[in-house]
Amino acid sequence: MVKSARWVSLLRRVTSMGRHELLDRLRQQLTARADLLRHLSGYDFASGMQGETAGPQGRFFFTPAEAAARCALLKQVFPAQADDIVFRAEKICQHRFDLLGYENLDYGPEIDWHCDVVHAKRGPRKPWFRVKYLDFEEVGDSKITWELNRHQHFVVLAKAYWLTGDDKFAREVLEQWAHWRTSNPYPIGMNWASSLEVAYRSLSWVWTFFLLQECPLFTAAHRSQWLSALSLSGRHVEAYLSTYFSPNTHLLGEALALFLLGTLFPSWRRAPRWRQQGWEILEREAATQVREDGFYFEQSTYYHVYALDLFLHARILAGLNGVVISMEFDQTVQRMLNALLVLGRAGAAPMVGDDDGGRLFDARRNQAEHLLDPLATGAVLYRRGDFKFAAGGPREETLWLLGPKGLAEFESLPSAEPSTISASLSASGFYLMTDAESGEQVLIDAGPMGWGNGGHGHADALSICLVRNGRHLLIDPGRFEYVGDSGERARLRGTGAHNTMQVDERDQAEASGPFSWEYPPRVKVEEWNTGQHFDLFQGSHEGYSRLSSPVIHRRWVFHRKGEFWLVRDLAGGCGRHQLDIAWHIGASLSPVSSKRYFFGGEQESLALLAAEGHGWSQSVRRDYWSPAYGRRERATVVNFGAAVELPADFATLLFSDGSAQADPGRLLRVSDVKESAVCAYRYVKGREEHNFVFAQQPGPWVFGSWTSDADFIYWSFDRERQQYMLVVCNGSYANAGGHRVLSCDHRVSYAEVVSSAMKVDLFSSDPEHVLLQQPLGRVWADGDLIVPGRDQKDMGG
């Protein structure tokens, strides 16, 4: 029965293919089996490529003669990195490796290139196309095995050779490489099973080749064998391009490998075709895989940087070798850099979606704090002072890609602070509320789950991340692994592991494997206003409309700049449901006060304040999150939950400036979602009062002595400082105490009035059609304003 279902699924998949895909897949299958027959007959593929090893070379990022000088400059400009390279190289000589998030993995005296040492599983020695590399029982976690077989550690050893002058590092490269070739005859074993992995290994071999050409140990015989192995790898990548299998970063990495091989070794028979094919794929896929707002279509910060690295290396090498670079390609790369800049304005980019764990230049720069690296190179390449400001300083990668001249240009480039205005990457659904004075930024994820079946996206619609001065205060949990028996992959990409609402302990979509989702939620952004002193977001998703009793989750985020965020969640529908709202606190923070949910670290803090009398259960626990592939650490999770009749809402105030520790104030519900035309909350602290009114439906409404047709109104006053503020969103008027306070010729997206002492400022999306008709100080005069639920003791009076 299982086999029958499998054949039905296969038949359905085949009939869905277009003609070109069907022919390409058939060609790949026939080529793989023909190669196997040649191997079984004793054919040596590497020897068969020997005729393509001689000839002139194209321009790499540096010439072989420049390798020693680059390392000398590396030691001078980046002494800590130079020391770390030598330290890592010493460990590599002992066959101890740091792979992905795993550290100090001991591969013993003789490296087993097919082994996942973490799980003690070994890939079978059979033809690569028969290896089930996603089957944990057969191979373990293939990413661990493949990370070692990318041979990026060869580059570390080669640099250590020039940094120290010690032959043992170059000798280790040559010995490991020879051993690898013996252990991985083409086409046997899992290390040929992924074209991307073959491509990455080829890129490492290219870097090592140019680093060691001037090393006496790297003889003419070694160079000849090295080039024939590179040629064989290029042949494999071309034959098994991921055009239809994984037309994402897989295809980009393969295209980059072909482009480099075809450009750097132009005398090879296949070189012109590889160069043209690789560059055409890169230009085509840049237009396809990058959204209009500049973010990568996998809906993952890490994969965005992954793709950007590939494009940057290709762009720089193309420029060095006279390749015509289209304006569209350059614009795409700049848009990607711009997107990264916007995401990283608080000193670090929030980690959204999957984390692949690998990097193109330095595999160890795979933490969240390394994701702004491309901005340093981009600053020089495109003369952008704002990129330089966000990067903070040059990177080792910039030295290798652009040379001493690139470093000098970075230093001479005037730094320019990026815009601190709240912004959106609307095509990707990222909405970013920025607080310039405090150096913090909130990201709201209101985008799709990602390309295709959302393989690297998470069920995190309307989730929030918060970064302040480079520190992550509200986090996305990462992903830990892609395959395995821990169950962490499913949990960490599920809804409960994100800062959003979960309904009936279900995910917002149904997982249909480690890299796919079914019934992805449709997310709708209903309001996005960025004012002078506030931001307002409103969005919803239908992920839970598939339940037998459908639920719509709607979230508002109101940012009073310099003070707080109010997050209001509404579960719309009917019937009784279990609702849970989780807040995943940054790992650097620990509880200071459980009653007030205050969390502190050495330099940053975060406080959560829920409305009094909310009636939901509340708990604080420690749970796992993953800062890098293969690594788990514990962090604090705050959860509010209840089984309630819908509709039901919940409000939370977030503070990140430390002021809430002594006196967080009180958040009060003053109008219930089930009993009024509006839902309202009041926040009181000392002699400050902040009021939030959410209309339940379009049209005029009355709330105490306030009347309006706005979707949202906020007003506040500080009696001690005599400061007043009024915000009206998506409305045409606001009356208070029987007086018209604000009027508009038509509904405006927002109108904002700020008043203090003798100064009144009015800001609006349409300022010419907004009129302030009543001073705010008069509106708040004693006895003039009636607001339900207010108690004089709330104001300290």
# chains A, B, ... in the order shown; residues from 1 in each chain; ligands from 1

$ residues_around --residues "Asp24 of chain A" --least-positions-apart "6" --cutoff "12 Å" --atoms "only C-alpha atoms" --output "VMD selection string"
chain A and resid 17 to 18 30 to 31 238 to 245

$ write_last_selection --atoms "N, CA and C atoms" --output "PDB file, in the first residue's frame"
ATOM      1  N   MET A  17       5.464  18.069 -14.557  1.00  0.00           N
ATOM      2  CA  MET A  17       6.669  18.679 -15.110  1.00  0.00           C
ATOM      3  C   MET A  17       6.421  19.204 -16.519  1.00  0.00           C
ATOM      4  N   GLY A  18       7.072  20.307 -16.823  1.00  0.00           N
ATOM      5  CA  GLY A  18       7.078  20.788 -18.188  1.00  0.00           C
ATOM      6  C   GLY A  18       8.051  19.981 -19.029  1.00  0.00           C
ATOM      7  N   LEU A  30      20.288   9.609 -16.915  1.00  0.00           N
ATOM      8  CA  LEU A  30      21.054   8.797 -17.856  1.00  0.00           C
ATOM      9  C   LEU A  30      22.554   9.051 -17.706  1.00  0.00           C
ATOM     10  N   THR A  31      22.941  10.334 -17.505  1.00  0.00           N
ATOM     11  CA  THR A  31      24.356  10.666 -17.340  1.00  0.00           C
ATOM     12  C   THR A  31      24.925  10.011 -16.082  1.00  0.00           C
ATOM     13  N   GLU A 238      28.027  21.224 -13.787  1.00  0.00           N
ATOM     14  CA  GLU A 238      27.290  21.562 -15.009  1.00  0.00           C
ATOM     15  C   GLU A 238      26.253  20.503 -15.349  1.00  0.00           C
ATOM     16  N   ALA A 239      26.620  19.245 -15.172  1.00  0.00           N
ATOM     17  CA  ALA A 239      25.711  18.156 -15.536  1.00  0.00           C
ATOM     18  C   ALA A 239      24.500  18.079 -14.620  1.00  0.00           C
ATOM     19  N   TYR A 240      24.681  18.495 -13.357  1.00  0.00           N
ATOM     20  CA  TYR A 240      23.611  18.299 -12.381  1.00  0.00           C
ATOM     21  C   TYR A 240      23.208  19.618 -11.723  1.00  0.00           C
ATOM     22  N   LEU A 241      23.085  20.639 -12.523  1.00  0.00           N
ATOM     23  CA  LEU A 241      22.611  21.925 -12.004  1.00  0.00           C
ATOM     24  C   LEU A 241      21.242  21.778 -11.359  1.00  0.00           C
ATOM     25  N   SER A 242      21.004  22.550 -10.306  1.00  0.00           N
ATOM     26  CA  SER A 242      19.733  22.468  -9.558  1.00  0.00           C
ATOM     27  C   SER A 242      18.659  23.358 -10.183  1.00  0.00           C
ATOM     28  N   THR A 243      18.607  23.377 -11.505  1.00  0.00           N
ATOM     29  CA  THR A 243      17.676  24.261 -12.214  1.00  0.00           C
ATOM     30  C   THR A 243      16.242  24.004 -11.807  1.00  0.00           C
ATOM     31  N   TYR A 244      15.904  22.749 -11.617  1.00  0.00           N
ATOM     32  CA  TYR A 244      14.531  22.395 -11.246  1.00  0.00           C
ATOM     33  C   TYR A 244      14.445  21.793  -9.846  1.00  0.00           C
ATOM     34  N   PHE A 245      15.562  21.320  -9.325  1.00  0.00           N
ATOM     35  CA  PHE A 245      15.547  20.688  -8.007  1.00  0.00           C
ATOM     36  C   PHE A 245      15.521  21.730  -6.885  1.00  0.00           C
TER      37      PHE A 245
END

$ residues_around --residues "Cys744 of chain A" --least-positions-apart "2" --cutoff "10 Å" --atoms "only C-alpha atoms" --output "number ranges by chain"
A: 731-734, 742, 746-748, 751, 766-772

$ write_last_selection --atoms "N, CA, C and O atoms" --output "short mmCIF file (atom, residue, chain, number, x, y, z; two decimals), in the first residue's frame"
data_model
loop_
_atom_site.label_atom_id
_atom_site.label_comp_id
_atom_site.auth_asym_id
_atom_site.auth_seq_id
_atom_site.Cartn_x
_atom_site.Cartn_y
_atom_site.Cartn_z
N GLY A 731 -8.98 58.34 10.05
CA GLY A 731 -10.20 59.00 10.48
C GLY A 731 -10.26 60.41 9.93
O GLY A 731 -9.31 60.91 9.29
N SER A 732 -11.40 61.08 10.20
CA SER A 732 -11.58 62.45 9.68
C SER A 732 -11.87 63.46 10.78
O SER A 732 -11.87 64.66 10.51
N TYR A 733 -12.11 62.99 12.02
CA TYR A 733 -12.34 63.94 13.10
C TYR A 733 -12.16 63.27 14.45
O TYR A 733 -12.16 62.04 14.56
N ALA A 734 -12.01 64.11 15.47
CA ALA A 734 -11.98 63.65 16.85
C ALA A 734 -12.58 64.75 17.72
O ALA A 734 -12.14 65.91 17.66
N LEU A 742 -10.06 67.95 16.45
CA LEU A 742 -9.32 67.81 15.21
C LEU A 742 -10.29 67.49 14.09
O LEU A 742 -11.20 66.66 14.27
N HIS A 746 -11.15 65.01 4.76
CA HIS A 746 -11.45 63.63 4.39
C HIS A 746 -10.67 62.73 5.34
O HIS A 746 -9.86 63.20 6.13
N ARG A 747 -10.92 61.45 5.26
CA ARG A 747 -10.18 60.51 6.11
C ARG A 747 -8.70 60.55 5.73
O ARG A 747 -8.34 60.43 4.56
N VAL A 748 -7.85 60.70 6.73
CA VAL A 748 -6.42 60.73 6.49
C VAL A 748 -5.78 59.52 7.16
O VAL A 748 -6.31 58.97 8.12
N ALA A 751 -3.06 61.75 11.65
CA ALA A 751 -2.83 63.13 12.08
C ALA A 751 -2.28 63.06 13.49
O ALA A 751 -2.76 62.28 14.32
N ASP A 766 -1.47 64.09 5.40
CA ASP A 766 -2.05 65.08 4.48
C ASP A 766 -2.23 66.39 5.24
O ASP A 766 -3.36 66.80 5.54
N PRO A 767 -1.14 67.06 5.59
CA PRO A 767 -1.21 68.20 6.52
C PRO A 767 -2.05 69.37 6.04
O PRO A 767 -2.59 70.11 6.86
N GLU A 768 -2.19 69.56 4.73
CA GLU A 768 -2.95 70.70 4.22
C GLU A 768 -4.44 70.58 4.50
O GLU A 768 -5.17 71.58 4.41
N HIS A 769 -4.90 69.38 4.82
CA HIS A 769 -6.33 69.17 5.01
C HIS A 769 -6.67 68.79 6.45
O HIS A 769 -7.73 68.22 6.72
N VAL A 770 -5.77 69.10 7.38
CA VAL A 770 -6.00 68.79 8.80
C VAL A 770 -5.99 70.09 9.58
O VAL A 770 -5.10 70.93 9.40
N LEU A 771 -6.98 70.25 10.46
CA LEU A 771 -7.10 71.48 11.25
C LEU A 771 -7.25 71.14 12.72
O LEU A 771 -8.12 70.35 13.11
N LEU A 772 -6.38 71.73 13.56
CA LEU A 772 -6.51 71.61 15.01
C LEU A 772 -7.45 72.71 15.49
O LEU A 772 -7.16 73.90 15.34
#

$ residues_around --residues "Arg522 of chain A" --least-positions-apart "3" --cutoff "7 Å" --atoms "only C-alpha atoms" --output "PyMOL selection string"
chain A and resi 541-543

$ atom_distance --atom1 "atom CA of Val728 of chain A" --atom2 "atom CA of Tyr750 of chain A"
5.5 Å

$ closest_atom_pairs --of "segment 281-340 of chain A" --to "segment 442-463 of chain A" --cutoff "12 Å" --atoms "only C-alpha atoms" --output "tab-separated table"
residue	atom	partner	partner_atom	distance
A:Thr288	CA	A:Trp451	CA	10.7
A:Gln289	CA	A:Trp451	CA	8.6
A:Val290	CA	A:Trp451	CA	10.5
A:Arg291	CA	A:Trp451	CA	10.6
A:Phe295	CA	A:Gly450	CA	10.9
A:Tyr296	CA	A:Gly450	CA	9.0
A:Phe297	CA	A:Trp451	CA	5.6
A:Glu298	CA	A:Gly450	CA	4.6
A:Gln299	CA	A:Gly450	CA	4.8
A:Ser300	CA	A:Gly457	CA	6.4
A:Thr301	CA	A:Gly457	CA	10.0
A:Tyr302	CA	A:His456	CA	9.9
A:Tyr303	CA	A:His456	CA	8.4
A:His304	CA	A:His456	CA	11.2

$ closest_atom_pairs --of "segment 207-302 of chain A" --to "segment 187-190 of chain A" --cutoff "12 Å" --atoms "only C-alpha atoms" --output "tab-separated table"
residue	atom	partner	partner_atom	distance
A:Leu232	CA	A:Pro187	CA	10.5
A:Ser233	CA	A:Pro187	CA	10.6
A:Arg235	CA	A:Pro187	CA	11.9
A:His236	CA	A:Pro187	CA	9.3

$ write_last_selection --atoms "C-alpha atoms" --output "PDB file, in the first residue's frame"
ATOM      1  CA  LEU A 232      36.013  17.110 -12.979  1.00  0.00           C
ATOM      2  CA  SER A 233      34.066  19.006 -10.316  1.00  0.00           C
ATOM      3  CA  ARG A 235      31.830  18.864 -15.178  1.00  0.00           C
ATOM      4  CA  HIS A 236      29.715  17.408 -12.376  1.00  0.00           C
TER       5      HIS A 236
END

$ select_by_dssp --residues "segment 247-471 of chain A" --states "strand (DSSP E)" --output "count of residues only"
22

$ closest_atom_pairs --of "segment 458-498 of chain A" --to "segment 632-654 of chain A" --cutoff "12 Å" --atoms "only C-alpha atoms" --output "JSON lines"
{"residue": "A:Ile464", "atom": "CA", "partner": "A:Leu654", "partner_atom": "CA", "distance": 11.3}
{"residue": "A:Cys465", "atom": "CA", "partner": "A:Leu654", "partner_atom": "CA", "distance": 11.7}
{"residue": "A:Leu466", "atom": "CA", "partner": "A:Leu654", "partner_atom": "CA", "distance": 10.0}
{"residue": "A:His472", "atom": "CA", "partner": "A:Ala635", "partner_atom": "CA", "distance": 11.7}
{"residue": "A:Leu473", "atom": "CA", "partner": "A:Leu654", "partner_atom": "CA", "distance": 10.7}
{"residue": "A:Leu474", "atom": "CA", "partner": "A:Val637", "partner_atom": "CA", "distance": 9.8}
{"residue": "A:Ile475", "atom": "CA", "partner": "A:Ala635", "partner_atom": "CA", "distance": 9.6}
{"residue": "A:Asp476", "atom": "CA", "partner": "A:Ala635", "partner_atom": "CA", "distance": 11.3}
{"residue": "A:Pro477", "atom": "CA", "partner": "A:Ala635", "partner_atom": "CA", "distance": 9.4}
{"residue": "A:Gly478", "atom": "CA", "partner": "A:Arg632", "partner_atom": "CA", "distance": 9.4}
{"residue": "A:Arg479", "atom": "CA", "partner": "A:Arg632", "partner_atom": "CA", "distance": 9.3}
{"residue": "A:Phe480", "atom": "CA", "partner": "A:Arg632", "partner_atom": "CA", "distance": 6.7}
{"residue": "A:Glu481", "atom": "CA", "partner": "A:Arg632", "partner_atom": "CA", "distance": 9.9}
{"residue": "A:Ser486", "atom": "CA", "partner": "A:Arg632", "partner_atom": "CA", "distance": 11.5}
{"residue": "A:Glu488", "atom": "CA", "partner": "A:Arg632", "partner_atom": "CA", "distance": 9.6}
{"residue": "A:Arg489", "atom": "CA", "partner": "A:Arg632", "partner_atom": "CA", "distance": 11.6}
{"residue": "A:Leu492", "atom": "CA", "partner": "A:Arg632", "partner_atom": "CA", "distance": 10.9}
{"residue": "A:Gly496", "atom": "CA", "partner": "A:Asn639", "partner_atom": "CA", "distance": 9.7}
{"residue": "A:Ala497", "atom": "CA", "partner": "A:Val637", "partner_atom": "CA", "distance": 9.1}
{"residue": "A:His498", "atom": "CA", "partner": "A:Val637", "partner_atom": "CA", "distance": 9.9}

$ write_last_selection --atoms "N, CA, C and O atoms" --output "compact mmCIF listing (two decimals), in the first residue's frame"
# COMPACT_ATOMS: atom_id res chain seq x y z
N ILE A 464 7.37 39.16 16.33
CA ILE A 464 8.14 40.38 16.60
C ILE A 464 9.55 40.01 17.05
O ILE A 464 9.73 39.07 17.83
N CYS A 465 10.54 40.72 16.54
CA CYS A 465 11.91 40.66 17.05
C CYS A 465 12.32 42.06 17.48
O CYS A 465 11.92 43.04 16.85
N LEU A 466 13.11 42.15 18.52
CA LEU A 466 13.56 43.45 19.04
C LEU A 466 15.07 43.42 19.23
O LEU A 466 15.60 42.54 19.90
N HIS A 472 20.14 41.30 20.99
CA HIS A 472 18.83 40.76 20.64
C HIS A 472 18.01 40.58 21.93
O HIS A 472 18.34 39.74 22.77
N LEU A 473 16.93 41.35 22.05
CA LEU A 473 16.11 41.31 23.27
C LEU A 473 14.89 40.41 23.11
O LEU A 473 14.48 39.76 24.06
N LEU A 474 14.29 40.38 21.93
CA LEU A 474 13.24 39.42 21.59
C LEU A 474 13.73 38.68 20.36
O LEU A 474 14.07 39.30 19.35
N ILE A 475 13.76 37.36 20.43
CA ILE A 475 14.49 36.60 19.43
C ILE A 475 13.60 35.63 18.66
O ILE A 475 12.57 35.17 19.15
N ASP A 476 14.02 35.34 17.43
CA ASP A 476 13.56 34.19 16.67
C ASP A 476 14.44 33.01 17.12
O ASP A 476 15.63 33.19 17.36
N PRO A 477 13.90 31.81 17.23
CA PRO A 477 14.64 30.73 17.90
C PRO A 477 15.68 30.02 17.07
O PRO A 477 16.37 29.14 17.58
N GLY A 478 15.81 30.34 15.76
CA GLY A 478 16.74 29.58 14.93
C GLY A 478 16.12 28.26 14.50
O GLY A 478 14.90 28.10 14.48
N ARG A 479 16.97 27.28 14.13
CA ARG A 479 16.40 26.01 13.69
C ARG A 479 17.16 24.78 14.18
O ARG A 479 16.69 23.68 14.04
N PHE A 480 18.37 24.87 14.68
CA PHE A 480 19.17 23.80 15.29
C PHE A 480 19.64 22.74 14.29
O PHE A 480 20.82 22.43 14.21
N GLU A 481 18.71 22.15 13.52
CA GLU A 481 19.09 21.11 12.58
C GLU A 481 18.02 20.99 11.50
O GLU A 481 16.92 21.52 11.63
N SER A 486 15.86 14.57 17.22
CA SER A 486 15.57 15.36 18.42
C SER A 486 14.18 16.00 18.38
O SER A 486 13.64 16.36 19.43
N GLU A 488 13.65 18.88 17.29
CA GLU A 488 13.83 20.32 17.44
C GLU A 488 13.52 21.08 16.16
O GLU A 488 13.10 22.23 16.21
N ARG A 489 13.77 20.48 15.01
CA ARG A 489 13.47 21.16 13.74
C ARG A 489 12.01 21.56 13.69
O ARG A 489 11.67 22.71 13.37
N LEU A 492 11.19 24.30 16.57
CA LEU A 492 11.77 25.63 16.45
C LEU A 492 11.24 26.42 15.25
O LEU A 492 11.30 27.64 15.25
N GLY A 496 4.71 28.21 18.15
CA GLY A 496 4.94 28.38 19.59
C GLY A 496 6.34 28.85 19.94
O GLY A 496 6.57 29.33 21.05
N ALA A 497 7.28 28.72 19.00
CA ALA A 497 8.65 29.14 19.26
C ALA A 497 8.90 30.57 18.82
O ALA A 497 10.05 31.02 18.79
N HIS A 498 7.83 31.30 18.49
CA HIS A 498 7.97 32.67 18.00
C HIS A 498 7.13 33.63 18.84
O HIS A 498 6.24 33.20 19.59

$ atom_distance --atom1 "atom CA of Tyr431 of chain A" --atom2 "atom CA of Met336 of chain A"
16.2 Å
